[in-house]
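Peer 1: Below you'll find the structure I mean.
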Amino acid sequence: MPEPQPYDNSVNHAPKRKDILTNEEKKLALKNALRYFDKKHHAALAPEFLNELNEYGRIYMYRFRPKYKMFARPISDYPCKSQQAAAIMVMIQNNLNPAVAQHPHELITYGGNGAVFQNWAQYLLTMKYLATMTDEQTLVMYSGHPMGLFPSHKDAPRVVVTNGMVIPNYSKPDDWERFNALGVSQYGQMTAGSYMYIGPQGIVHGTTITVLNAGRKIDKTGEGLAGKLFVTSGLGGMSGAQPKAAVIAGVIGVIAEINPKAVQTRYSQGWVDEVHTDLDELLLRIKKAKENKEAVSLAYQGNIVDLWEKLANENVHVDLGSDQTSLHNPWSGGYYPAGLSFEESKKMMAEQPHIFKEKVHESLRRQVIAINTLAEKGMYFFDYGNAFLLEAGRAGADIMKPNGDFIYPSYVQDIMGPMCFDYGFGPFRWVCTSGNPEDLDKTDHIAMQVLEKIAETAPEEIQQQMKDNIRWISEAKKNNLVVGSQARILYADALGRTNIAEAFNKAVHKGEISAPIVIGRDHHDVSGTDSPYRETSNIYDGSRFTADMAVQNVIGDSFRGATWVSVHNGGGVGWGEVINGGFGMVLDGSEDCDRRLKSMLFWDVNNGISRRSWARNPGAMFAIQRAMQKEPKLQVTFPNLADDDLINSLI
Ligand SMILES: NC(=O)c1ccc[n+]([C@@H]2O[C@H](COP(=O)([O-])OP(=O)(O)OC[C@H]3O[C@@H](n4cnc5c(N)ncnc54)[C@H](O)[C@@H]3O)[C@@H](O)[C@H]2O)c1
């Protein structure tokens, strides 16, 4: 048994979680935690675990955190009997790398609560299973807990992950607090619990596309984005991509962040150009940037509410506005209310949760008043999928239309849905398991060539997307986006993803790329996620509260050749608000792999397009007909459009 380790204050720790368990439940949590250890250690571990539960609200088993450095090593460094399992170890260690993960010692990758595992025993046991399993076995993961290895076959997934899957009636935020404290469930976010996080780069591309397309919406005269002001909040896991994306899109990005550590992380990475703590100085700097039409990112180290109120009071014209505090998790560290310091908030959320909740509500109401003032003067504001509108509405802020809709669109409703998802464009990504930057250069080059070839004959409807994506990949290296493993994100449609993966597999086969490539995607995609206020917010046939698409997707991926699959409750917008799934696939250069990738990627994208088409979304109706023309074995039920006059004459 390793020695206990001192609590390391140099890293960013998860906030103390709610003390939610009764004494009887605490006994259960202890018994649950001790299940991982030989009885002879229980007397030593039980008081230690109880202390963690009382002190931090969870049992992380800090003593068992490995002493070795946590990062994605080259695949050849991992002991294994299955190359696929070794690739998964690469991905897990990347998700826990302190340079990548938000709260690495609590095994949280991003979003405040996006867990890879619940405790260090689960990590150690999982790595052991992966190191010893063969291609005739499948590892079964229940919310971070490795249930074990089960006999399967070489075409089956090596790992099947479920995170936070609970009976729907038990899916309120406090249920998560309770189940997680008991050690029986976890919040996997999207790419945390599915081992597919690739650092903030993953989101930079999506954020750039969003800012660019939001800019196109307000650019009525074609003057472009130079000198336009984009104001938002958050420099955390995903939100930290905003300053970088703002500069790539060519605007002035001003981002408020309350946590000084988060500000410093992004500043030291060069993702934020300047840090300001004084609002008057910041406003002068914004004025200068507007005059010079600079593409620059300015962090405001402070509360977003103070920034909005200052901008509204001083009549500053803001072109684009959003918010990326973690409002999917408002009561335990996702949102810091105005009027309290960072430290005061942390204390209050643990010790006086009811008063803290009131403070959050009051702060959201103030935030909306300032945003509304600026929106009346022409700012285009959009919800960034962080449950801002949902929570502001719950707080009683003036954010609803009389018919119950929000006055602002979600970025998926206005931008990502109709412009990207309906056509099948989504956050495809890959990781070079060699860890060699030269391999990444080669993949960038291959992907660009593939997209350029597709663009030659692509229809008008998707030309803009193709151009944006080709520009992205051609500039990706220059933008210095890698944090952690040698990875790349590239929005692509079904044809793009398939052709790129096929070309990578060939390059691995020929030895042009030195080790297997892992392909995957964010769950935030065409088919992977049912989330009524985000990914499926532009579904208008009444089915956006159903989750058939996400569940079908994971099942379909698993029998078409994915190396691992995952399905999660929660992710982005909150526990109980979304079902989402994803996959990982190891391209090892084999013929088998060529067969698998074609079958799986085709389904992984066209499943969602068919559902979007059935919901009568015009882009998806176009895209699925195109897919059917290319693949005669695809036969999708196509909607007939009823005449509104007929319906209205009846009701
Ligand atoms: N980037 C995207 O494409 C995308 C897409 C969908 C959803 N989201 C959502 O955006 C949210 C942010 O994600 P994340 O990974 O960055 O989370 P995160 O928790 O790592 O970062 C949020 C940051 O906001 C800061 N913050 C909280 N309240 C604040 C306040 N009042 N003023 C200033 N700063 C404040 C926190 O200190 C934290 O650093 C999540 O809810 C996520 O689901 C992002």
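Each chain in the structure tokens gets a letter, A, B and so on, in the order shown; residues start at 1 in every chain, and ligands are counted from 1 in the order they appear.
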List every residue of chain A that has an atom at most 8 Å from any atom of ligand 1, and for each one report the closest atom pair and its distance in Å to one decimal, counting only C-alpha atoms and all ligand atoms, with rows sorted by chain and then by increasing residue number, as JSON lines.
Peer 2:
```
{"residue": "A:Gln102", "atom": "CA", "partner": "ligand 1", "partner_atom_place_in_ligand_line": "20 (O)", "distance": 6.6}
{"residue": "A:Tyr110", "atom": "CA", "partner": "ligand 1", "partner_atom_place_in_ligand_line": "15 (O)", "distance": 5.0}
{"residue": "A:Gly111", "atom": "CA", "partner": "ligand 1", "partner_atom_place_in_ligand_line": "17 (O)", "distance": 3.7}
{"residue": "A:Gly112", "atom": "CA", "partner": "ligand 1", "partner_atom_place_in_ligand_line": "19 (O)", "distance": 4.6}
{"residue": "A:Gln189", "atom": "CA", "partner": "ligand 1", "partner_atom_place_in_ligand_line": "43 (O)", "distance": 7.9}
{"residue": "A:Ile203", "atom": "CA", "partner": "ligand 1", "partner_atom_place_in_ligand_line": "3 (O)", "distance": 5.3}
{"residue": "A:Val204", "atom": "CA", "partner": "ligand 1", "partner_atom_place_in_ligand_line": "1 (N)", "distance": 7.5}
{"residue": "A:Gly206", "atom": "CA", "partner": "ligand 1", "partner_atom_place_in_ligand_line": "3 (O)", "distance": 5.9}
{"residue": "A:Thr207", "atom": "CA", "partner": "ligand 1", "partner_atom_place_in_ligand_line": "3 (O)", "distance": 5.5}
{"residue": "A:Ser233", "atom": "CA", "partner": "ligand 1", "partner_atom_place_in_ligand_line": "33 (C)", "distance": 5.5}
{"residue": "A:Gly234", "atom": "CA", "partner": "ligand 1", "partner_atom_place_in_ligand_line": "24 (O)", "distance": 3.7}
{"residue": "A:Leu235", "atom": "CA", "partner": "ligand 1", "partner_atom_place_in_ligand_line": "39 (O)", "distance": 5.1}
{"residue": "A:Gly236", "atom": "CA", "partner": "ligand 1", "partner_atom_place_in_ligand_line": "20 (O)", "distance": 3.3}
{"residue": "A:Gly237", "atom": "CA", "partner": "ligand 1", "partner_atom_place_in_ligand_line": "15 (O)", "distance": 3.7}
{"residue": "A:Met238", "atom": "CA", "partner": "ligand 1", "partner_atom_place_in_ligand_line": "16 (O)", "distance": 3.7}
{"residue": "A:Ser239", "atom": "CA", "partner": "ligand 1", "partner_atom_place_in_ligand_line": "16 (O)", "distance": 3.5}
{"residue": "A:Gly240", "atom": "CA", "partner": "ligand 1", "partner_atom_place_in_ligand_line": "16 (O)", "distance": 5.9}
{"residue": "A:Ala241", "atom": "CA", "partner": "ligand 1", "partner_atom_place_in_ligand_line": "1 (N)", "distance": 6.8}
{"residue": "A:Gln242", "atom": "CA", "partner": "ligand 1", "partner_atom_place_in_ligand_line": "1 (N)", "distance": 7.3}
{"residue": "A:Ala256", "atom": "CA", "partner": "ligand 1", "partner_atom_place_in_ligand_line": "33 (C)", "distance": 4.9}
{"residue": "A:Glu257", "atom": "CA", "partner": "ligand 1", "partner_atom_place_in_ligand_line": "34 (N)", "distance": 3.6}
{"residue": "A:Ile258", "atom": "CA", "partner": "ligand 1", "partner_atom_place_in_ligand_line": "34 (N)", "distance": 4.1}
{"residue": "A:Asn259", "atom": "CA", "partner": "ligand 1", "partner_atom_place_in_ligand_line": "37 (O)", "distance": 4.5}
{"residue": "A:Ala262", "atom": "CA", "partner": "ligand 1", "partner_atom_place_in_ligand_line": "39 (O)", "distance": 5.6}
{"residue": "A:Val263", "atom": "CA", "partner": "ligand 1", "partner_atom_place_in_ligand_line": "39 (O)", "distance": 7.9}
{"residue": "A:Gln301", "atom": "CA", "partner": "ligand 1", "partner_atom_place_in_ligand_line": "33 (C)", "distance": 7.6}
{"residue": "A:Gly302", "atom": "CA", "partner": "ligand 1", "partner_atom_place_in_ligand_line": "33 (C)", "distance": 5.9}
{"residue": "A:Asn303", "atom": "CA", "partner": "ligand 1", "partner_atom_place_in_ligand_line": "32 (N)", "distance": 3.7}
{"residue": "A:Ile304", "atom": "CA", "partner": "ligand 1", "partner_atom_place_in_ligand_line": "32 (N)", "distance": 4.0}
{"residue": "A:Val305", "atom": "CA", "partner": "ligand 1", "partner_atom_place_in_ligand_line": "31 (N)", "distance": 6.3}
{"residue": "A:Asp323", "atom": "CA", "partner": "ligand 1", "partner_atom_place_in_ligand_line": "10 (O)", "distance": 7.6}
{"residue": "A:Gln324", "atom": "CA", "partner": "ligand 1", "partner_atom_place_in_ligand_line": "10 (O)", "distance": 4.4}
{"residue": "A:Thr325", "atom": "CA", "partner": "ligand 1", "partner_atom_place_in_ligand_line": "24 (O)", "distance": 3.7}
{"residue": "A:Ser326", "atom": "CA", "partner": "ligand 1", "partner_atom_place_in_ligand_line": "41 (O)", "distance": 3.6}
{"residue": "A:Leu327", "atom": "CA", "partner": "ligand 1", "partner_atom_place_in_ligand_line": "41 (O)", "distance": 5.1}
{"residue": "A:His328", "atom": "CA", "partner": "ligand 1", "partner_atom_place_in_ligand_line": "41 (O)", "distance": 4.8}
{"residue": "A:Asn329", "atom": "CA", "partner": "ligand 1", "partner_atom_place_in_ligand_line": "41 (O)", "distance": 7.0}
{"residue": "A:Gly333", "atom": "CA", "partner": "ligand 1", "partner_atom_place_in_ligand_line": "27 (C)", "distance": 7.1}
{"residue": "A:Gly334", "atom": "CA", "partner": "ligand 1", "partner_atom_place_in_ligand_line": "27 (C)", "distance": 5.3}
{"residue": "A:Tyr335", "atom": "CA", "partner": "ligand 1", "partner_atom_place_in_ligand_line": "28 (N)", "distance": 3.5}
{"residue": "A:Tyr336", "atom": "CA", "partner": "ligand 1", "partner_atom_place_in_ligand_line": "28 (N)", "distance": 3.9}
{"residue": "A:Pro337", "atom": "CA", "partner": "ligand 1", "partner_atom_place_in_ligand_line": "31 (N)", "distance": 5.2}
{"residue": "A:Ala338", "atom": "CA", "partner": "ligand 1", "partner_atom_place_in_ligand_line": "31 (N)", "distance": 6.2}
{"residue": "A:Ser363", "atom": "CA", "partner": "ligand 1", "partner_atom_place_in_ligand_line": "31 (N)", "distance": 7.9}
{"residue": "A:Tyr384", "atom": "CA", "partner": "ligand 1", "partner_atom_place_in_ligand_line": "7 (C)", "distance": 5.7}
{"residue": "A:Gly385", "atom": "CA", "partner": "ligand 1", "partner_atom_place_in_ligand_line": "7 (C)", "distance": 4.1}
{"residue": "A:Asn386", "atom": "CA", "partner": "ligand 1", "partner_atom_place_in_ligand_line": "41 (O)", "distance": 3.5}
{"residue": "A:Ala387", "atom": "CA", "partner": "ligand 1", "partner_atom_place_in_ligand_line": "41 (O)", "distance": 6.5}
{"residue": "A:His524", "atom": "CA", "partner": "ligand 1", "partner_atom_place_in_ligand_line": "6 (C)", "distance": 7.4}
{"residue": "A:Arg534", "atom": "CA", "partner": "ligand 1", "partner_atom_place_in_ligand_line": "6 (C)", "distance": 7.5}
{"residue": "A:Gly571", "atom": "CA", "partner": "ligand 1", "partner_atom_place_in_ligand_line": "43 (O)", "distance": 6.4}
{"residue": "A:Gly572", "atom": "CA", "partner": "ligand 1", "partner_atom_place_in_ligand_line": "43 (O)", "distance": 2.9}
{"residue": "A:Val573", "atom": "CA", "partner": "ligand 1", "partner_atom_place_in_ligand_line": "43 (O)", "distance": 5.3}
{"residue": "A:Gly574", "atom": "CA", "partner": "ligand 1", "partner_atom_place_in_ligand_line": "43 (O)", "distance": 7.7}
```
Peer 1: Apply DSSP to the structure's backbone, then extract all residues of range 303-378 of chain A labelled alpha helix (DSSP H) and return them as a PyMOL selection string.
Peer 2: chain A and resi 304-313+342-351+353-376
Peer 1: Generate the output file for the selected residues, C-alpha atoms, as a PDB file, in the first residue's frame.
Peer 2:
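Produced file again_36.pdb, reproduced below:
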```
ATOM      1  CA  ILE A 304     -18.603  38.866 -15.973  1.00  0.00           C
ATOM      2  CA  VAL A 305     -21.547  40.706 -14.402  1.00  0.00           C
ATOM      3  CA  ASP A 306     -19.310  43.633 -13.487  1.00  0.00           C
ATOM      4  CA  LEU A 307     -17.977  43.704 -17.045  1.00  0.00           C
ATOM      5  CA  TRP A 308     -21.449  43.638 -18.658  1.00  0.00           C
ATOM      6  CA  GLU A 309     -22.724  46.370 -16.336  1.00  0.00           C
ATOM      7  CA  LYS A 310     -19.718  48.568 -17.073  1.00  0.00           C
ATOM      8  CA  LEU A 311     -20.131  48.142 -20.848  1.00  0.00           C
ATOM      9  CA  ALA A 312     -23.855  48.904 -20.621  1.00  0.00           C
ATOM     10  CA  ASN A 313     -23.394  51.924 -18.352  1.00  0.00           C
ATOM     11  CA  PHE A 342     -13.911  33.820  -5.684  1.00  0.00           C
ATOM     12  CA  GLU A 343     -12.958  32.497  -2.241  1.00  0.00           C
ATOM     13  CA  GLU A 344     -16.140  33.762  -0.562  1.00  0.00           C
ATOM     14  CA  SER A 345     -18.226  31.954  -3.173  1.00  0.00           C
ATOM     15  CA  LYS A 346     -16.365  28.678  -2.672  1.00  0.00           C
ATOM     16  CA  LYS A 347     -16.986  28.848   1.065  1.00  0.00           C
ATOM     17  CA  MET A 348     -20.632  29.793   0.742  1.00  0.00           C
ATOM     18  CA  MET A 349     -21.540  27.105  -1.789  1.00  0.00           C
ATOM     19  CA  ALA A 350     -20.336  24.430   0.625  1.00  0.00           C
ATOM     20  CA  GLU A 351     -21.492  25.942   3.907  1.00  0.00           C
ATOM     21  CA  PRO A 353     -25.927  26.377  -0.196  1.00  0.00           C
ATOM     22  CA  HIS A 354     -29.378  28.004   0.091  1.00  0.00           C
ATOM     23  CA  ILE A 355     -28.009  31.535   0.372  1.00  0.00           C
ATOM     24  CA  PHE A 356     -25.529  30.751  -2.399  1.00  0.00           C
ATOM     25  CA  LYS A 357     -28.388  29.738  -4.679  1.00  0.00           C
ATOM     26  CA  GLU A 358     -30.123  33.074  -4.041  1.00  0.00           C
ATOM     27  CA  LYS A 359     -26.898  34.915  -4.857  1.00  0.00           C
ATOM     28  CA  VAL A 360     -26.576  33.042  -8.151  1.00  0.00           C
ATOM     29  CA  HIS A 361     -30.149  33.922  -9.075  1.00  0.00           C
ATOM     30  CA  GLU A 362     -29.693  37.578  -8.177  1.00  0.00           C
ATOM     31  CA  SER A 363     -26.459  37.719 -10.174  1.00  0.00           C
ATOM     32  CA  LEU A 364     -28.070  36.135 -13.241  1.00  0.00           C
ATOM     33  CA  ARG A 365     -30.897  38.651 -13.131  1.00  0.00           C
ATOM     34  CA  ARG A 366     -28.363  41.513 -13.053  1.00  0.00           C
ATOM     35  CA  GLN A 367     -26.401  39.940 -15.876  1.00  0.00           C
ATOM     36  CA  VAL A 368     -29.489  39.712 -18.069  1.00  0.00           C
ATOM     37  CA  ILE A 369     -30.485  43.342 -17.440  1.00  0.00           C
ATOM     38  CA  ALA A 370     -27.095  44.521 -18.730  1.00  0.00           C
ATOM     39  CA  ILE A 371     -27.158  42.109 -21.687  1.00  0.00           C
ATOM     40  CA  ASN A 372     -30.673  43.224 -22.630  1.00  0.00           C
ATOM     41  CA  THR A 373     -29.566  46.880 -22.581  1.00  0.00           C
ATOM     42  CA  LEU A 374     -26.726  46.135 -25.000  1.00  0.00           C
ATOM     43  CA  ALA A 375     -28.890  43.866 -27.172  1.00  0.00           C
ATOM     44  CA  GLU A 376     -31.426  46.670 -27.577  1.00  0.00           C
TER      45      GLU A 376
END
```
Peer 1: Would you list the contacts of Gly426 in chain A as a PyMOL selection string, taking every protein, DNA or RNA residue within 9 Å and counting only C-alpha atoms, but skipping same-chain residues closer than 5 positions in sequence?
Peer 2: chain A and resi 206+416+420-421+490-494+521-522+524-526+605
Peer 1: Take CA of Gly193 in chain A and CA of Met91 in chain A and report the distance between them in Å, one decimal.
Peer 2: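 Separation between CA of Gly193 in chain A and CA of Met91 in chain A: 10.8 Å.
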Peer 1: Return the single residue from A:Val518, A:Ile209, A:Ala299, A:Leu283 that is closest to Ser434 in chain A, with distances computed using only C-alpha atoms.
Peer 2: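 Looking only at the distances to Ser434 in chain A, the closest residue turns out to be A:Val518.
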Peer 1: Excluding Ser10 in chain A and any residue of its chain fewer than 6 positions from it, enumerate the residues within 12 Å of it, using only C-alpha atoms, and give them as number ranges by chain.
Peer 2: A: 98, 103-105, 261
Peer 1: May I have the residues from that selection written out with N, CA, C and O atoms, as a JSON list (two decimals), in the first residue's frame?
Peer 2:
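File again07.json, as written:
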```json
[["chain", "number", "residue", "atom", "x", "y", "z"],
["A", 98, "PRO", "N", -2.04, 16.81, -16.01],
["A", 98, "PRO", "CA", -2.31, 18.09, -15.34],
["A", 98, "PRO", "C", -2.26, 19.29, -16.28],
["A", 98, "PRO", "O", -2.87, 20.31, -16.00],
["A", 103, "HIS", "N", -9.12, 19.59, -12.93],
["A", 103, "HIS", "CA", -8.82, 19.23, -11.53],
["A", 103, "HIS", "C", -8.17, 17.84, -11.56],
["A", 103, "HIS", "O", -8.82, 16.83, -11.24],
["A", 104, "PRO", "N", -6.88, 17.77, -11.93],
["A", 104, "PRO", "CA", -6.29, 16.46, -12.22],
["A", 104, "PRO", "C", -6.30, 15.50, -11.02],
["A", 104, "PRO", "O", -6.46, 14.30, -11.21],
["A", 105, "HIS", "N", -6.17, 16.01, -9.80],
["A", 105, "HIS", "CA", -6.10, 15.09, -8.66],
["A", 105, "HIS", "C", -7.47, 14.52, -8.30],
["A", 105, "HIS", "O", -7.57, 13.50, -7.64],
["A", 261, "LYS", "N", -6.26, 31.49, -11.39],
["A", 261, "LYS", "CA", -5.46, 30.36, -11.91],
["A", 261, "LYS", "C", -5.83, 30.06, -13.36],
["A", 261, "LYS", "O", -4.97, 29.79, -14.19]]
```
Peer 1: Might you pull out every residue within 9 Å of range 538-544 of chain A, with only C-alpha atoms counted and same-chain residues fewer than 2 positions away left off, and present them as a list in words?
Peer 2: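 Result of the neighbour search: Ser410, Val412, Gln413, Asp414, Gly417, Pro418, Asp530, Ser531, Pro532, Tyr533, Arg534, Glu535, Thr536, Thr546, Ala547, Arg612, Trp614, Ala615, Arg616 and Asn617 of chain A.
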Peer 1: Filtering to N, CA and C atoms, could you give me those residues as a tab-separated table (two decimals), in the first residue's frame?
Peer 2:
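To be explicit, this is the file written out as result_22.tsv:
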```tsv
chain	number	residue	atom	x	y	z
A	410	SER	N	-30.08	29.81	-29.12
A	410	SER	CA	-28.88	29.05	-28.75
A	410	SER	C	-27.99	29.01	-29.99
A	412	VAL	N	-26.67	26.63	-31.35
A	412	VAL	CA	-26.98	25.52	-32.25
A	412	VAL	C	-28.22	25.85	-33.09
A	413	GLN	N	-29.21	26.50	-32.45
A	413	GLN	CA	-30.44	26.84	-33.18
A	413	GLN	C	-30.15	27.73	-34.38
A	414	ASP	N	-29.30	28.72	-34.16
A	414	ASP	CA	-29.07	29.72	-35.20
A	414	ASP	C	-27.89	29.40	-36.10
A	417	GLY	N	-26.56	24.26	-35.88
A	417	GLY	CA	-27.57	23.31	-36.37
A	417	GLY	C	-27.80	23.44	-37.87
A	418	PRO	N	-28.37	24.59	-38.28
A	418	PRO	CA	-28.69	24.72	-39.72
A	418	PRO	C	-27.46	24.83	-40.61
A	530	ASP	N	-28.57	13.93	-27.97
A	530	ASP	CA	-29.91	14.48	-27.84
A	530	ASP	C	-29.92	15.44	-26.68
A	531	SER	N	-30.08	16.72	-26.96
A	531	SER	CA	-30.04	17.75	-25.93
A	531	SER	C	-30.93	18.90	-26.38
A	532	PRO	N	-32.13	18.98	-25.78
A	532	PRO	CA	-33.16	19.86	-26.35
A	532	PRO	C	-32.79	21.34	-26.40
A	533	TYR	N	-31.86	21.77	-25.54
A	533	TYR	CA	-31.49	23.19	-25.58
A	533	TYR	C	-30.15	23.40	-26.26
A	534	ARG	N	-29.60	22.35	-26.84
A	534	ARG	CA	-28.30	22.54	-27.48
A	534	ARG	C	-28.26	21.77	-28.80
A	535	GLU	N	-27.68	20.58	-28.83
A	535	GLU	CA	-27.45	19.90	-30.11
A	535	GLU	C	-28.73	19.68	-30.91
A	536	THR	N	-29.83	19.41	-30.20
A	536	THR	CA	-31.07	19.16	-30.94
A	536	THR	C	-32.05	20.32	-30.76
A	546	THR	N	-36.74	13.65	-26.99
A	546	THR	CA	-36.52	12.21	-27.04
A	546	THR	C	-35.01	11.94	-27.16
A	547	ALA	N	-34.60	10.73	-26.84
A	547	ALA	CA	-33.17	10.42	-26.89
A	547	ALA	C	-32.88	9.18	-27.72
A	612	ARG	N	-32.70	14.35	-38.52
A	612	ARG	CA	-32.89	15.78	-38.78
A	612	ARG	C	-33.73	16.00	-40.04
A	614	TRP	N	-36.03	13.78	-41.08
A	614	TRP	CA	-37.41	13.40	-40.70
A	614	TRP	C	-38.10	14.55	-39.94
A	615	ALA	N	-37.27	15.36	-39.24
A	615	ALA	CA	-37.82	16.53	-38.53
A	615	ALA	C	-38.06	17.70	-39.50
A	616	ARG	N	-37.88	17.44	-40.79
A	616	ARG	CA	-38.15	18.41	-41.86
A	616	ARG	C	-37.12	19.53	-41.94
A	617	ASN	N	-35.88	19.32	-41.45
A	617	ASN	CA	-34.86	20.37	-41.58
A	617	ASN	C	-34.33	20.36	-43.02
```
Peer 1: Rank nothing, just name the residue among A:Glu475, A:Asp468, A:Asp548, A:Asp594 nearest to His445 in chain A, using only C-alpha atoms.
Peer 2: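 Result for the nearest residue to His445 in chain A: A:Glu475.
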Peer 1: Can you list, as a list in words, every protein, DNA or RNA residue that comes within 10 Å of Pro168 in chain A when you count only C-alpha atoms, leaving out same-chain residues fewer than 3 positions away?
Peer 2: Met165, Ser171, Lys172, Asn569 and Gly576 of chain A
Peer 1: Mind pulling up the distance from CA of Leu298 in chain A to CA of His276 in chain A?
Peer 2: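 These two atoms are separated by 7.1 Å.
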Peer 1: Work out how far apart CA of Ile446 in chain A and CA of Ala503 in chain A are and give it in Å to one decimal.
Peer 2: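 Taking CA of Ile446 in chain A as the start and CA of Ala503 in chain A as the end point, the length is 7.1 Å.
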